[in-house]
Amino acid sequence: MAHALILALLVAAAQEAPKKKLLTRDTFMNMESVGSPAISPDGRAVLFTRTWTDTMKDEHRSNLWIADTDGSRVRELTSS
């Protein structure tokens, strides 16, 4: 009886499991990345790059951003 219950639970869980999504070209082209973090000398802010793909021009673009280290006041410093 216990084996039948376990089997029933496993079958139910497998049916409810979310389907895996594959990385498509469109998903990949819409992805952004953050990199090159640098903390300010006083430790209150972090400078970083935000990079994305400009699909219309078929090139990568990056801007510099700065944020307080507590995650507040995120602002763009440069505009490509």
# chains A, B, ... in the order shown; residues from 1 in each chain; ligands from 1

$ residues_around --residues "range 21-29 of chain A" --least-positions-apart "5" --cutoff "9 Å" --atoms "only C-alpha atoms" --output "mmCIF file with N, CA and C atoms, in the first residue's frame"
data_model
loop_
_atom_site.group_PDB
_atom_site.id
_atom_site.type_symbol
_atom_site.label_atom_id
_atom_site.label_comp_id
_atom_site.auth_asym_id
_atom_site.auth_seq_id
_atom_site.Cartn_x
_atom_site.Cartn_y
_atom_site.Cartn_z
ATOM 1 N N TRP A 52 24.159 45.419 -23.147
ATOM 2 C CA TRP A 52 23.047 44.783 -23.835
ATOM 3 C C TRP A 52 23.351 44.782 -25.322
ATOM 4 N N THR A 53 22.513 44.102 -26.084
ATOM 5 C CA THR A 53 22.671 44.043 -27.533
ATOM 6 C C THR A 53 21.665 44.961 -28.194
ATOM 7 N N ASP A 54 22.169 45.852 -29.034
ATOM 8 C CA ASP A 54 21.312 46.707 -29.849
ATOM 9 C C ASP A 54 21.016 45.907 -31.115
ATOM 10 N N THR A 55 19.836 45.304 -31.170
ATOM 11 C CA THR A 55 19.515 44.423 -32.297
ATOM 12 C C THR A 55 19.348 45.181 -33.608
#

$ closest_residue --among "A:Asn63, A:Leu77, A:Lys20, A:Ser72" --to "Gly35 in chain A" --atoms "only C-alpha atoms"
A:Asn63

$ closest_residue --among "A:Met56, A:Arg61, A:Thr69, A:Arg50" --to "Val34 in chain A" --atoms "only C-alpha atoms"
A:Arg50

$ atom_distance --atom1 "CA of Arg44 in chain A" --atom2 "CA of Asp68 in chain A"
5.7 Å

$ atom_distance --atom1 "CA of Ser36 in chain A" --atom2 "CA of Lys57 in chain A"
24.0 Å
